[in-house]
Amino acid sequence: MLHPLTGAEMDARGLVADFERICGEAHVLTDRDQLRTYESDALAHYAVLPPVVVLPGTADEVREVVRACHEAGVPWVARGAGTGLSGGALPAEDGVLIALSRLRRILEVDLENQRVVVEPGVTNLEVSKAVSPTHFFPPDPSSQIVCTIGGNVAENSGGAHCFKYGFTTNYVTGLELVLPDGDVVRTGGKELDRPGYDLVGAFVGSEGTLGIATEIVLRVVPVPEDVRTLVAYFETMEQAGQTVSDVVAAGVVPGAIEIMDRLSIKATEEATGAGYPLDVGAALIVELDGPEAECDRRFDEVARLCERRGTRGVRIARDEAERQLIWKARKAAFAAMGRLAPSYYVQDSVIPRTRLAEVLGRIDELADEYGCPVANVFHAGDGNLHPLVGYDARNPGEAARAEELAGRIVLACLDAGGSITGEHGVGVDKKHYMPRMFSDEDLAAFQRLRCAFDPEQRANPGKVMPTPRLCGEVPGPYRQHPLEAAGVAERF
Amino acid sequence: MAQLLRTEAPASPEAVAALLREAKGDGLRVRVRGGGTKLGWGAVVPEPDLELSTSRLDRIVEHNAGDLTAVLEAGVRLAEAQAAFAEAGQMLALDPPLATGSEASSRDGGLAPTCPPGFAGATIGGIVATADAGPLRHRYGAVRDLLLGITVALSDGTVATAGGKVIKNVAGYDLAKLFAGSFGTLGVILRVVVRLHPRPRTSATLAGETDDPGALARAASHLARAPLELEALDVRWAAGSGTLLARFGGVSAETQARRRVGALAEEGLAASVETEDETVWETQRAAQRSTDGVVVRVSALPTELERVVWTADRLGASLVGRAAAGVSWLTLADAEPVDELRAVLAPFPCVVLDAPVEVRDRIDPWGAVDEAELRLMRRVKERFDPAHILNPGVFVGGI
């Protein structure tokens, strides 16, 4: 990173030729129109045109590409399907974009041991399909049709089933990694509890800053025997939130438990016609899954708890078609926001679930103060809110106002003891909030991990950490780095 | 062997940090002591210069029953925390041995106390540091899977926190997982945030007995892949006969257990259902430890279970294991068969846990670790404890 190279300089130094030799000419992109495909991930208001995009087709090619970058002193950013919502795959203007979409082989399906071994470009849904109908892969981000396992590993992706089933990190048992110096390390495996540090646990969720996973071992689980779904309507959000507390206090752990507010019901109902009433304050979707004997008794219990909190009505899915219809509304929520406002920001903050009513009240106050509509759809079990802040970019200043409002919402969640991100990651979008959640000493500890894997910080530079920090050398005498001398970066 | 120079029981994170700064300045080797139940694990190293006891870091800082989370200082006894959680119908889904102060096996099969009077069981800090787990691991995962956040003191005297206090959070690196199972070599665990689960209202255990390792493994595989949401799925084997144990929980545990009696019978197992099942599971936990034998933890695949059982049988070992996790604990009379065990079961890791000092001194308890992986682990150690004062030499590859 000392002497960032432009695309032309990379070309001049032979890096482009190296990539062409490694991956074949067809898999190295330098044409501006082709590069533009990769300038953003799903957070499209960040865009950086990468000087070169390389698409390796095998783990060996990934290793050679990374090694070539290392030898040339060039940073790089790895990318899966580009569905991330934090700008985690935003290219570096002086770096290589390594797209992993060609590494899409399912290497092994071992149902006897409930393991699947995949390359990083395999999509989330392909994993569940490969093990169906007996098994499934629980993490199910809403982009699961296209998002890749490599991206899921980088972001520690979640979905609607986290409260019961956990996150990607709970399902990765082994990794083959290409480190930023081009070394290959296998850690973990199909078996559990191998001796040594849990490098798999440290790597999952590291947002592409520690290396590239070229082979991923996943644990899959049996498809539940039974699934029961209901949606209960309430006059107020508070009633819905209280019902969630009652359900949890009763010892029920639903497979999914989601809340939509009045505004999101309105938007999605117009889009889907799923049959939600428009005059209610909140809709609570509860889905129980598990052994039939458990579901039978627990489902009745949940319906009773809804009634005890004065539900306006409970709709029970009588068959799979009706279940899909109930979910259709929930899943359409983001897209349907387009009916309320031309553009929107989506936030991903988390609160302790017991603070729900209080924080939603605060969000309402803020929405009034800023004059932007805020629709709330969220994973109620784990307190992961997804407030959608609507705005019209044609009105001067409105985009900036909406962005500020979205930021105030994040801080309100942090003040309630929550987190700045539940599943979308920090990326570039939330890195300036990191000091609000973590102290300097916390960030310095994070940096130690980063430096162990990537002392020259060439993997996904400028992400996660709020300010550039250097690694220093271990072991060896202290030497001042040029960036440090220039006051651009701090050493710790 | 050199004498322990000094012990301290700091009462605050700041006090721990100050002691570490001092230790770093003086080049003192530091070991952390929680309940003292696993100090004999790992490679044999000289007695440390300074032992930090977590006995005064013993507060249950928060129990947020409505959020199913808790904040525990490292020195909190697991048994004490569980008692508090149980009042709200909840539990920390961790049940390693020696957590209640009662159980550990001697080789005659009985339960025998291993610890001196006043012993009160494993602490959460020690359980996290060693990643120890019991039968509940089947359903709820390892200790790593239950950690939401961690606060540690590093050897330069800084105190750092990673993670958060909410169930779902991806901000920052997941240092809690890195520290889980790191045997005190990266920093001193001060405090953890854990995820809790509802305590099942009822419990029932389906047991199936057989003297055929093949039938035992087939029945285990059948249950492991059925959509049962078992609390635990264990096997045990000793002196030519074995038992498969499936623990059902929830509001319909006994009904669920009885429905599966036929499945075990089909594999030729003599099946029965027990609703007063706590002792059965305490015995399973206890068999992971030994006062006088050599305990080897084997990390294999579930499909290797039959081979692991045959091997145990041939080498005169007793065995308990998590059938679906593929992890088994073999208890041998002495260390003589360890090399053969490792050779037969290679490449699966066989880690020696409880064993006399002379045994752990002679054989590397961790076994061989891949060179490239070990290099990366050393780089991690180098960054977190560049002074090499934290439990040096006790971990894999001499870390």
# chains A, B, ... in the order shown; residues from 1 in each chain; ligands from 1
>>> interface_residues(of="chain B", to="chain A", cutoff="6 Å", atoms="only C-alpha atoms", output="VMD selection string")
chain B and resid 67 160 to 161 166 to 171 173 to 174 177 to 178 182 198 227 to 228 252 300 to 302 372 to 373 379 to 380 383 396
>>> residues_around(residues="Val193 (chain B)", least_positions_apart="4", cutoff="8 Å", atoms="only C-alpha atoms", output="VMD selection string")
chain B and resid 69 to 72 147 to 150 164 to 165
>>> select_by_dssp(residues="region 144-244 of chain B", states="helix (DSSP H, G or I)", output="PyMOL selection string")
chain B and resi 144-146+175-179+213-225
>>> write_last_selection(atoms="C-alpha atoms", output="compact mmCIF listing (two decimals), in the first residue's frame")
# COMPACT_ATOMS: atom_id res chain seq x y z
CA ARG B 144 -17.94 -20.92 21.13
CA ASP B 145 -21.52 -21.06 19.87
CA LEU B 146 -22.95 -19.69 23.11
CA LEU B 175 -12.55 -12.56 19.31
CA ALA B 176 -14.80 -14.54 21.66
CA LYS B 177 -14.39 -17.54 19.38
CA LEU B 178 -10.65 -17.02 19.15
CA PHE B 179 -10.34 -17.01 22.94
CA PRO B 213 -20.52 -51.86 17.96
CA GLY B 214 -21.97 -51.96 14.44
CA ALA B 215 -25.55 -51.98 15.68
CA LEU B 216 -24.72 -49.23 18.16
CA ALA B 217 -23.28 -47.05 15.40
CA ARG B 218 -26.14 -47.73 12.97
CA ALA B 219 -28.75 -46.84 15.58
CA ALA B 220 -26.82 -43.69 16.48
CA SER B 221 -26.60 -42.68 12.84
CA HIS B 222 -30.32 -43.26 12.40
CA LEU B 223 -31.21 -40.97 15.32
CA ALA B 224 -28.60 -38.37 14.35
CA ARG B 225 -30.19 -37.88 10.96
>>> closest_residue(among="B:Arg375, B:Arg307, B:His388, B:Arg56", to="Lys24 (chain B)", atoms="only C-alpha atoms")
B:His388
>>> atom_distance(atom1="CA of Asp319 (chain A)", atom2="CA of Gln239 (chain A)")
27.0 Å
>>> atom_distance(atom1="CA of Ser264 (chain A)", atom2="CA of Gly371 (chain A)")
16.9 Å
>>> atom_distance(atom1="CA of Val359 (chain B)", atom2="CA of Gly393 (chain B)")
16.1 Å
>>> closest_residue(among="B:Leu332, B:Ala153, B:Leu20, B:Leu52", to="Glu8 (chain B)", atoms="only C-alpha atoms")
B:Leu52
>>> residues_around(residues="Ile257 (chain A)", least_positions_apart="3", cutoff="7 Å", atoms="only C-alpha atoms", output="compact mmCIF listing (two decimals) with C-alpha atoms, in the first residue's frame")
# COMPACT_ATOMS: atom_id res chain seq x y z
CA PRO A 254 -39.95 -20.25 17.19
CA ILE A 285 -45.70 -13.78 12.11
CA VAL A 286 -44.82 -16.82 14.22
CA GLU A 287 -43.53 -20.00 12.69
CA HIS A 379 -36.67 -10.22 13.21
CA ALA A 380 -38.47 -9.91 16.55
CA GLY A 381 -36.87 -12.85 18.32
>>> closest_residue(among="B:Asp277, B:Glu14, B:Asp58, B:Asp234", to="Trp329 (chain B)", atoms="only C-alpha atoms")
B:Asp234
>>> select_by_dssp(residues="region 119-274 of chain A", states="strand (DSSP E or B)", output="JSON, numbers by chain")
{"A": [123, 135, 136, 140, 148, 159, 172, 173, 174, 175, 176, 177, 178, 184, 185, 186, 187, 188, 212, 213, 214, 215, 216, 217, 218, 219, 221, 222, 226, 227, 228, 229, 230, 231, 232, 233, 234, 256, 257, 258, 259, 260, 261]}
>>> closest_residue(among="A:Glu119, A:Glu369, A:Asp33, A:Glu301", to="Arg102 (chain A)", atoms="only C-alpha atoms")
A:Glu119
>>> residues_around(residues="Phe136 (chain A)", least_positions_apart="4", cutoff="9 Å", atoms="only C-alpha atoms", output="NGL selection string")
:A and (127-132 or 220-223)
>>> residues_around(residues="Leu390 (chain B)", least_positions_apart="4", cutoff="10 Å", atoms="only C-alpha atoms", output="VMD selection string")
chain B and resid 20 23 to 24 28 to 32 48 50 154 to 155 183 to 188 381 384 to 386 394 399
>>> write_last_selection(atoms="N, CA and C atoms", output="mmCIF file, in the first residue's frame")
data_model
loop_
_atom_site.group_PDB
_atom_site.id
_atom_site.type_symbol
_atom_site.label_atom_id
_atom_site.label_comp_id
_atom_site.auth_asym_id
_atom_site.auth_seq_id
_atom_site.Cartn_x
_atom_site.Cartn_y
_atom_site.Cartn_z
ATOM 1 N N LEU B 20 -0.770 -7.768 34.870
ATOM 2 C CA LEU B 20 -0.172 -8.239 33.619
ATOM 3 C C LEU B 20 0.926 -7.284 33.152
ATOM 4 N N ALA B 23 3.809 -8.107 35.189
ATOM 5 C CA ALA B 23 4.383 -9.395 34.791
ATOM 6 C C ALA B 23 5.178 -9.262 33.499
ATOM 7 N N LYS B 24 4.632 -8.466 32.598
ATOM 8 C CA LYS B 24 5.322 -8.282 31.325
ATOM 9 C C LYS B 24 6.658 -7.582 31.556
ATOM 10 N N LEU B 28 7.513 -12.302 33.861
ATOM 11 C CA LEU B 28 6.955 -13.405 34.642
ATOM 12 C C LEU B 28 5.978 -14.222 33.796
ATOM 13 N N ARG B 29 6.062 -15.525 33.946
ATOM 14 C CA ARG B 29 5.099 -16.387 33.259
ATOM 15 C C ARG B 29 3.830 -16.484 34.106
ATOM 16 N N VAL B 30 2.678 -16.268 33.434
ATOM 17 C CA VAL B 30 1.414 -16.131 34.152
ATOM 18 C C VAL B 30 0.448 -17.252 33.797
ATOM 19 N N ARG B 31 -0.166 -17.832 34.813
ATOM 20 C CA ARG B 31 -1.232 -18.803 34.576
ATOM 21 C C ARG B 31 -2.488 -18.300 35.281
ATOM 22 N N VAL B 32 -3.632 -18.565 34.671
ATOM 23 C CA VAL B 32 -4.895 -18.182 35.290
ATOM 24 C C VAL B 32 -5.529 -19.416 35.905
ATOM 25 N N PRO B 48 4.278 -21.721 36.884
ATOM 26 C CA PRO B 48 4.364 -20.307 36.501
ATOM 27 C C PRO B 48 4.947 -19.462 37.636
ATOM 28 N N LEU B 50 3.637 -16.495 38.314
ATOM 29 C CA LEU B 50 2.499 -15.782 38.894
ATOM 30 C C LEU B 50 1.219 -16.505 38.512
ATOM 31 N N LEU B 154 -5.103 -8.153 28.061
ATOM 32 C CA LEU B 154 -3.981 -8.631 27.247
ATOM 33 C C LEU B 154 -2.675 -8.392 27.998
ATOM 34 N N SER B 155 -1.626 -9.004 27.481
ATOM 35 C CA SER B 155 -0.378 -8.994 28.258
ATOM 36 C C SER B 155 0.279 -7.617 28.293
ATOM 37 N N PHE B 183 -6.763 -21.779 25.990
ATOM 38 C CA PHE B 183 -5.968 -22.208 27.145
ATOM 39 C C PHE B 183 -5.153 -21.098 27.794
ATOM 40 N N GLY B 184 -5.737 -19.925 27.860
ATOM 41 C CA GLY B 184 -5.059 -18.835 28.568
ATOM 42 C C GLY B 184 -3.804 -18.321 27.914
ATOM 43 N N THR B 185 -3.604 -18.633 26.623
ATOM 44 C CA THR B 185 -2.355 -18.234 25.972
ATOM 45 C C THR B 185 -2.448 -16.908 25.227
ATOM 46 N N LEU B 186 -3.648 -16.344 25.111
ATOM 47 C CA LEU B 186 -3.789 -15.089 24.356
ATOM 48 C C LEU B 186 -4.106 -13.901 25.251
ATOM 49 N N GLY B 187 -4.710 -14.160 26.389
ATOM 50 C CA GLY B 187 -5.106 -13.088 27.285
ATOM 51 C C GLY B 187 -5.868 -13.692 28.450
ATOM 52 N N VAL B 188 -6.204 -12.860 29.399
ATOM 53 C CA VAL B 188 -6.949 -13.334 30.566
ATOM 54 C C VAL B 188 -8.427 -13.008 30.360
ATOM 55 N N LYS B 381 -0.672 -15.828 18.242
ATOM 56 C CA LYS B 381 -0.076 -15.739 19.581
ATOM 57 C C LYS B 381 0.879 -14.539 19.665
ATOM 58 N N PHE B 384 -1.000 -11.251 20.005
ATOM 59 C CA PHE B 384 -1.760 -11.019 21.235
ATOM 60 C C PHE B 384 -0.868 -11.049 22.475
ATOM 61 N N ASP B 385 0.159 -11.865 22.427
ATOM 62 C CA ASP B 385 1.048 -11.970 23.592
ATOM 63 C C ASP B 385 2.498 -11.992 23.114
ATOM 64 N N PRO B 386 2.957 -10.876 22.562
ATOM 65 C CA PRO B 386 4.314 -10.865 22.014
ATOM 66 C C PRO B 386 5.375 -11.124 23.081
ATOM 67 N N VAL B 394 2.103 -24.361 26.943
ATOM 68 C CA VAL B 394 1.094 -25.338 27.344
ATOM 69 C C VAL B 394 0.212 -25.787 26.180
ATOM 70 N N ILE B 399 2.987 -23.515 21.807
ATOM 71 C CA ILE B 399 2.535 -22.131 21.958
ATOM 72 C C ILE B 399 2.273 -21.840 23.430
#
